[in-house]
Every structure is written in structure tokens, then in C-alpha cells.
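**Q** Sharing a structure here in C-alpha cells format.
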Amino acid sequence: MTQPTDDVAPEPPPTQRNPTDDHFPTGPEVGMVLPDFTLTDQHGNAVNFQESRGSRRALVLFHRSARW
Amino acid sequence: MQLQRHLAEFEAAGVAVYAISYDAPEVLAAFAAEFGITYPLLSDADSGVIRRYGILNTLVRPDEAVYGIPYPGSYLTDEMGAVTEKSFYRLYRVRPATRALLKDGFGVPLTPQSGPIAESTAPGVRVTVALGEEALVFQQRVPLYVTLDLDDGLHIYAPGAGGGMLGITAEVRAPDGIETGTPAFPESRPFRIEGAEEALPVFEGTIEVAVPLISTRADVEPVTLEVVVRYQACDNRQCFLPQEQRITIDLPLQGLNRARPRP
């Protein structure tokens, strides 16, 4: 059986940013200590993760952008 | 924004919240001002942390304007900073709802229940169906909690228990545009009924089953779902006939409120 040509997957458009399956990197594994970081917040202050967290638990979210 | 609404609950539970993106601090300042965000919005402008974590979205080509974005996701840590759980989803908008994070990630009980709730009762077994949020949000994963309260001395069988016993099933019948995920059951424990040879996995007391719901509906008309719970209950001496309880619940829908700080 011949494959109809219009069934051939086109090159992904530039806006294709989502993985097509569940195999994509997700960073530090469960059980690992989350690597420390120091970043600037919305007030222009440097925030160090471990220092500011102290002995609290944490939720760390990675977003695409606040713009879109 | 949803996170901000529940920030006090995170703080009360002793959970520090951080959000990281590749935006410049000025962009984050505008966003925080417009939406009243008080938790740290952190600028990883050169994507250095994103790269170090190994979550740079490499589907984006370096020549594209949005190069530097991560695969979006979240980490939960314990008091020592070790990762206890992480959630990364293929599709950005499909992500766990805030209250579900609090409950499932940090064990914070969701009381009082502020979302839709419905219940039904049969002898010995009360079933409650409650949404984990006030409403279903477009393309957001919101759990529907199906809770069974068993009278003392009763047990029901875990899914696929075997031994000729009907294991519990929780089926959610939803209209088009409401996707339902696989129900998550709690840990069962082995139980051997008097005279039986083998132990079978059972639940006792309060059993909470979480069924993820994802709305892909563009409209905001409320939807009605039917939850069908089947189970077989036994006490120490005898087993009762399999039972079925049907509970209908109306769920409000919320459109997607996209955040766009004005330049």
C-alpha cells in the first residue's frame, strides 16, 4: 500500500513547543536535594533559595513566561 | 494568580513558594503589580538555572525569540530541600490545580470544602463527591475526590482484589469536552476473612479516590457529571451483595484568564 503524500508529517511549525510524548527532561529527581540558586525577584532583590527557605518546605515552579 | 489566592494556606502549612521564568525583572515587576503577586517571581534571564536543572526546552530553536524557556513544571521539597515530588506535563496548560498541590503534595487537608459537593448513602457506606477547586478551569487538571465512609467493622475490596470479590470501581461519566483520568486509589491492606485461605487487599474507614478532570470546553456553561461507584462490602463474618451508588454533581466552568502584562 502506498502512503498518500498528504499523510507525510510536515516539519513542525516554529510554534511547536510541546513535546510529542512523555519522554522529555524533567530535571532533578525525587530524593535529590534541589540545586541551590540565587535569582532577582520582582522587587529587584537577590533571592537565595536555601537561605530564604530556611527550614520550610518549598514549592518551586518553572514557568514559560509571565508575558504569554 | 490561583497560587496567590491560596498563598496564605501555603504559608500556614510552612511551605515557601517560588516561581522562576526567563523574564527580565521589569517584566516580573509589571506582572506582580498587575495581579498582586506577593510570592517571589524570580528572573532567570539567561536561563542559567533552567539549563543547570536540565529542563531547557530544546524544541525551541536558538534563533527563536522564546529560546530559553523551560519545560514547565514544579518541584516540591521537604524541610531539607530534597525533592519529594515533581510534576512535569507535556502540555503546558495541563497542570495540577493549586489546592490539589497543597493536598496531595504537602498533605494539607482541604477544609472547609468550598467547591461543589454531592453525596449519597447506602447501608454502611456513605459516598461523597467533591471537586478539589471551586470550578473546572480550561485545560487545568482538577481532581474530583470520591470519598467512601464505611461503618466500623466493614471493609470493601481494592480494585482487582480477586478471590471472587468485586473490587471497587469509580467511574466518572462526563459530557464531551470533559476528560477524565485514571482514578488513584489509596494503599490497601491485606485482610483474611474467617475461614478463607488467602488474604485479599481491602480498604476500611475512609477511602478517598482522586479522579483527575480536565476541561477542554470553550464555553462556561456548568456541566453535570455522574459518578458510578461499585463495591462489595463485608464484615468479619459475611459478605454482602455488590452495591452501586450513583451520584450526580454539577460543576461550574471557568474560562481561561490569560495574564498579559501591558508593555
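In the C-alpha cells, chains take the letters A, B, ... in the order shown, each chain's residues start at 1, and ligands count up from 1 in the order shown.
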Once you count only C-alpha atoms, what closest atom pair and distance in Å to one decimal does each residue of chain B within 6 Å of chain A have, with rows by chain and rising residue number, as CSV?

**A**
residue,atom,partner,partner_atom,distance
B:Gly14,CA,A:Arg56,CA,5.5
B:Val15,CA,A:Arg57,CA,4.7
B:Ala16,CA,A:Ala58,CA,4.5
B:Val17,CA,A:Leu59,CA,4.9
B:Tyr18,CA,A:Val60,CA,4.8
B:Ala19,CA,A:Leu61,CA,4.6
B:Ile20,CA,A:Phe62,CA,4.9
B:Ser21,CA,A:His63,CA,5.0
B:Pro25,CA,A:Gln42,CA,5.3
B:Leu28,CA,A:Gln42,CA,5.1
B:Ala29,CA,A:Gln42,CA,4.4
B:Pro40,CA,A:Asp41,CA,5.7
B:Leu41,CA,A:Asp41,CA,5.3
B:Leu42,CA,A:Asp41,CA,4.4
B:Ser43,CA,A:Thr40,CA,5.4
B:Tyr53,CA,A:Gly27,CA,5.0
B:Gly54,CA,A:Gly27,CA,5.1
B:Ile55,CA,A:Gly27,CA,5.6
B:Leu59,CA,A:Arg17,CA,5.8
B:Ile69,CA,A:Arg64,CA,5.2
B:Pro72,CA,A:Phe62,CA,5.2
B:Gly73,CA,A:Phe62,CA,5.4
B:Ser74,CA,A:Leu61,CA,4.3
B:Tyr75,CA,A:Val60,CA,5.2
B:Leu76,CA,A:Leu59,CA,4.7
B:Thr77,CA,A:Ala58,CA,5.1
B:Asp78,CA,A:Arg57,CA,4.7
B:Glu79,CA,A:Arg57,CA,4.6
B:Gly81,CA,A:Val33,CA,5.4
B:Ala82,CA,A:Val33,CA,3.9
B:Val83,CA,A:Val30,CA,4.7
B:Thr84,CA,A:Val30,CA,5.4
B:Glu85,CA,A:Val30,CA,5.8
B:Arg90,CA,A:Pro19,CA,5.7
B:Leu91,CA,A:Asn18,CA,5.9
B:Arg260,CA,A:Arg67,CA,5.5

**Q** Set the distance at 9 Å and use only C-alpha atoms: which residues neighbour Thr182 in chain B once local chain neighbours fewer than 4 positions away are removed? I'd like the list as a list in words.

**A**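 The residues that qualify are Ala210, Val211 and Pro212 of chain B.
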
**Q** Take the selection from the previous step and output its residues with N, CA and C atoms, as a PDB file, in the first residue's frame.

**A**
ATOM      1  N   ALA B 210      -9.088   9.784  43.982  1.00  0.00           N
ATOM      2  CA  ALA B 210      -8.966  11.035  43.225  1.00  0.00           C
ATOM      3  C   ALA B 210      -9.059  10.730  41.735  1.00  0.00           C
ATOM      4  N   VAL B 211      -9.970  11.402  41.050  1.00  0.00           N
ATOM      5  CA  VAL B 211     -10.110  11.239  39.605  1.00  0.00           C
ATOM      6  C   VAL B 211      -9.793  12.579  38.942  1.00  0.00           C
ATOM      7  N   PRO B 212      -8.711  12.645  38.144  1.00  0.00           N
ATOM      8  CA  PRO B 212      -8.386  13.920  37.507  1.00  0.00           C
ATOM      9  C   PRO B 212      -9.398  14.265  36.420  1.00  0.00           C
TER      10      PRO B 212
END

**Q** Leaving out range 3-5 of chain B and any residue of its chain fewer than 3 positions from it, which residues lie within 8 Å of it when counting only C-alpha atoms, given as a PyMOL selection string?

**A** chain B and resi 8+36-39+98

**Q** Enumerate, as a VMD selection string, the complete set of residues in range 71-246 of chain B that a backbone-based DSSP assignment places in alpha helix (DSSP H).

**A** chain B and resid 98 to 100 106

**Q** One decimal, in Å: what's the spacing between CA of Met165 in chain B and CA of Leu200 in chain B?

**A** 8.9 Å

**Q** Return the single residue from B:Ala24, B:Leu56, B:Val172, B:Ile178 that is closest to Arg141 in chain B, with distances computed using only C-alpha atoms.

**A**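 Among the listed residues, B:Ile178 lies closest to Arg141 in chain B.
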
**Q** For range 159-162 of chain B, please output as a PyMOL selection string all residues within 12 Å (counting only C-alpha atoms; exclusion window: fewer than 2 positions along the same chain).

**A** chain B and resi 156-157+164-170+183-192+198-203+209+229-232

**Q** Go ahead and write the residues just picked, N, CA and C atoms, as a PDB file, in the first residue's frame.

**A**
ATOM      1  N   ILE B 156     -14.214  -2.950  52.246  1.00  0.00           N
ATOM      2  CA  ILE B 156     -14.528  -3.189  50.837  1.00  0.00           C
ATOM      3  C   ILE B 156     -13.242  -3.614  50.147  1.00  0.00           C
ATOM      4  N   TYR B 157     -13.376  -4.218  48.973  1.00  0.00           N
ATOM      5  CA  TYR B 157     -12.216  -4.792  48.311  1.00  0.00           C
ATOM      6  C   TYR B 157     -11.558  -3.804  47.351  1.00  0.00           C
ATOM      7  N   GLY B 164     -12.891 -13.845  43.870  1.00  0.00           N
ATOM      8  CA  GLY B 164     -14.326 -13.808  43.615  1.00  0.00           C
ATOM      9  C   GLY B 164     -15.011 -12.576  44.166  1.00  0.00           C
ATOM     10  N   MET B 165     -14.219 -11.626  44.692  1.00  0.00           N
ATOM     11  CA  MET B 165     -14.796 -10.407  45.263  1.00  0.00           C
ATOM     12  C   MET B 165     -14.764  -9.290  44.231  1.00  0.00           C
ATOM     13  N   LEU B 166     -15.807  -8.455  44.257  1.00  0.00           N
ATOM     14  CA  LEU B 166     -15.836  -7.316  43.345  1.00  0.00           C
ATOM     15  C   LEU B 166     -14.986  -6.198  43.935  1.00  0.00           C
ATOM     16  N   GLY B 167     -13.916  -5.857  43.252  1.00  0.00           N
ATOM     17  CA  GLY B 167     -13.088  -4.735  43.691  1.00  0.00           C
ATOM     18  C   GLY B 167     -13.788  -3.425  43.370  1.00  0.00           C
ATOM     19  N   ILE B 168     -13.494  -2.407  44.155  1.00  0.00           N
ATOM     20  CA  ILE B 168     -14.149  -1.112  43.949  1.00  0.00           C
ATOM     21  C   ILE B 168     -13.801  -0.524  42.584  1.00  0.00           C
ATOM     22  N   THR B 169     -14.793   0.073  41.943  1.00  0.00           N
ATOM     23  CA  THR B 169     -14.548   0.869  40.739  1.00  0.00           C
ATOM     24  C   THR B 169     -15.229   2.211  40.930  1.00  0.00           C
ATOM     25  N   ALA B 170     -14.621   3.248  40.405  1.00  0.00           N
ATOM     26  CA  ALA B 170     -15.218   4.588  40.428  1.00  0.00           C
ATOM     27  C   ALA B 170     -15.175   5.097  39.003  1.00  0.00           C
ATOM     28  N   PRO B 183      -8.530   6.820  37.912  1.00  0.00           N
ATOM     29  CA  PRO B 183      -8.709   7.045  39.352  1.00  0.00           C
ATOM     30  C   PRO B 183      -7.487   6.583  40.147  1.00  0.00           C
ATOM     31  N   ALA B 184      -7.092   7.373  41.128  1.00  0.00           N
ATOM     32  CA  ALA B 184      -5.986   6.996  42.019  1.00  0.00           C
ATOM     33  C   ALA B 184      -6.570   6.532  43.345  1.00  0.00           C
ATOM     34  N   PHE B 185      -6.291   5.278  43.685  1.00  0.00           N
ATOM     35  CA  PHE B 185      -6.807   4.708  44.928  1.00  0.00           C
ATOM     36  C   PHE B 185      -5.736   4.757  46.008  1.00  0.00           C
ATOM     37  N   PRO B 186      -6.149   4.807  47.275  1.00  0.00           N
ATOM     38  CA  PRO B 186      -5.132   4.774  48.348  1.00  0.00           C
ATOM     39  C   PRO B 186      -4.540   3.371  48.484  1.00  0.00           C
ATOM     40  N   GLU B 187      -3.578   3.239  49.389  1.00  0.00           N
ATOM     41  CA  GLU B 187      -2.971   1.937  49.673  1.00  0.00           C
ATOM     42  C   GLU B 187      -4.004   1.031  50.345  1.00  0.00           C
ATOM     43  N   SER B 188      -4.047  -0.204  49.909  1.00  0.00           N
ATOM     44  CA  SER B 188      -4.957  -1.153  50.552  1.00  0.00           C
ATOM     45  C   SER B 188      -4.177  -1.938  51.602  1.00  0.00           C
ATOM     46  N   ARG B 189      -4.900  -2.738  52.382  1.00  0.00           N
ATOM     47  CA  ARG B 189      -4.183  -3.619  53.300  1.00  0.00           C
ATOM     48  C   ARG B 189      -4.740  -5.034  53.153  1.00  0.00           C
ATOM     49  N   PRO B 190      -3.890  -6.032  53.391  1.00  0.00           N
ATOM     50  CA  PRO B 190      -4.381  -7.405  53.231  1.00  0.00           C
ATOM     51  C   PRO B 190      -5.321  -7.773  54.367  1.00  0.00           C
ATOM     52  N   PHE B 191      -6.364  -8.488  54.039  1.00  0.00           N
ATOM     53  CA  PHE B 191      -7.345  -8.894  55.047  1.00  0.00           C
ATOM     54  C   PHE B 191      -7.805 -10.307  54.728  1.00  0.00           C
ATOM     55  N   ARG B 192      -7.863 -11.158  55.762  1.00  0.00           N
ATOM     56  CA  ARG B 192      -8.335 -12.514  55.538  1.00  0.00           C
ATOM     57  C   ARG B 192      -9.638 -12.719  56.287  1.00  0.00           C
ATOM     58  N   GLU B 198      -6.819 -17.312  51.549  1.00  0.00           N
ATOM     59  CA  GLU B 198      -5.868 -16.263  51.206  1.00  0.00           C
ATOM     60  C   GLU B 198      -6.355 -14.891  51.662  1.00  0.00           C
ATOM     61  N   ALA B 199      -5.382 -14.020  51.920  1.00  0.00           N
ATOM     62  CA  ALA B 199      -5.711 -12.639  52.284  1.00  0.00           C
ATOM     63  C   ALA B 199      -5.941 -11.852  50.999  1.00  0.00           C
ATOM     64  N   LEU B 200      -6.911 -10.936  51.010  1.00  0.00           N
ATOM     65  CA  LEU B 200      -7.209 -10.105  49.843  1.00  0.00           C
ATOM     66  C   LEU B 200      -7.027  -8.633  50.223  1.00  0.00           C
ATOM     67  N   PRO B 201      -6.668  -7.797  49.258  1.00  0.00           N
ATOM     68  CA  PRO B 201      -6.465  -6.376  49.575  1.00  0.00           C
ATOM     69  C   PRO B 201      -7.800  -5.667  49.810  1.00  0.00           C
ATOM     70  N   VAL B 202      -7.890  -4.960  50.929  1.00  0.00           N
ATOM     71  CA  VAL B 202      -9.138  -4.274  51.279  1.00  0.00           C
ATOM     72  C   VAL B 202      -8.877  -2.830  51.724  1.00  0.00           C
ATOM     73  N   PHE B 203      -9.961  -2.089  51.787  1.00  0.00           N
ATOM     74  CA  PHE B 203      -9.970  -0.744  52.383  1.00  0.00           C
ATOM     75  C   PHE B 203     -10.946  -0.752  53.546  1.00  0.00           C
ATOM     76  N   VAL B 209     -10.696   8.488  46.761  1.00  0.00           N
ATOM     77  CA  VAL B 209     -10.252   8.185  45.404  1.00  0.00           C
ATOM     78  C   VAL B 209     -10.210   9.505  44.638  1.00  0.00           C
ATOM     79  N   VAL B 229     -20.128   4.424  41.530  1.00  0.00           N
ATOM     80  CA  VAL B 229     -19.208   3.702  42.408  1.00  0.00           C
ATOM     81  C   VAL B 229     -19.777   2.309  42.672  1.00  0.00           C
ATOM     82  N   ARG B 230     -18.976   1.295  42.372  1.00  0.00           N
ATOM     83  CA  ARG B 230     -19.396  -0.088  42.644  1.00  0.00           C
ATOM     84  C   ARG B 230     -18.410  -0.708  43.621  1.00  0.00           C
ATOM     85  N   TYR B 231     -18.948  -1.476  44.550  1.00  0.00           N
ATOM     86  CA  TYR B 231     -18.072  -2.072  45.564  1.00  0.00           C
ATOM     87  C   TYR B 231     -18.777  -3.248  46.191  1.00  0.00           C
ATOM     88  N   GLN B 232     -17.994  -4.043  46.893  1.00  0.00           N
ATOM     89  CA  GLN B 232     -18.567  -5.130  47.667  1.00  0.00           C
ATOM     90  C   GLN B 232     -18.067  -5.007  49.096  1.00  0.00           C
TER      91      GLN B 232
END
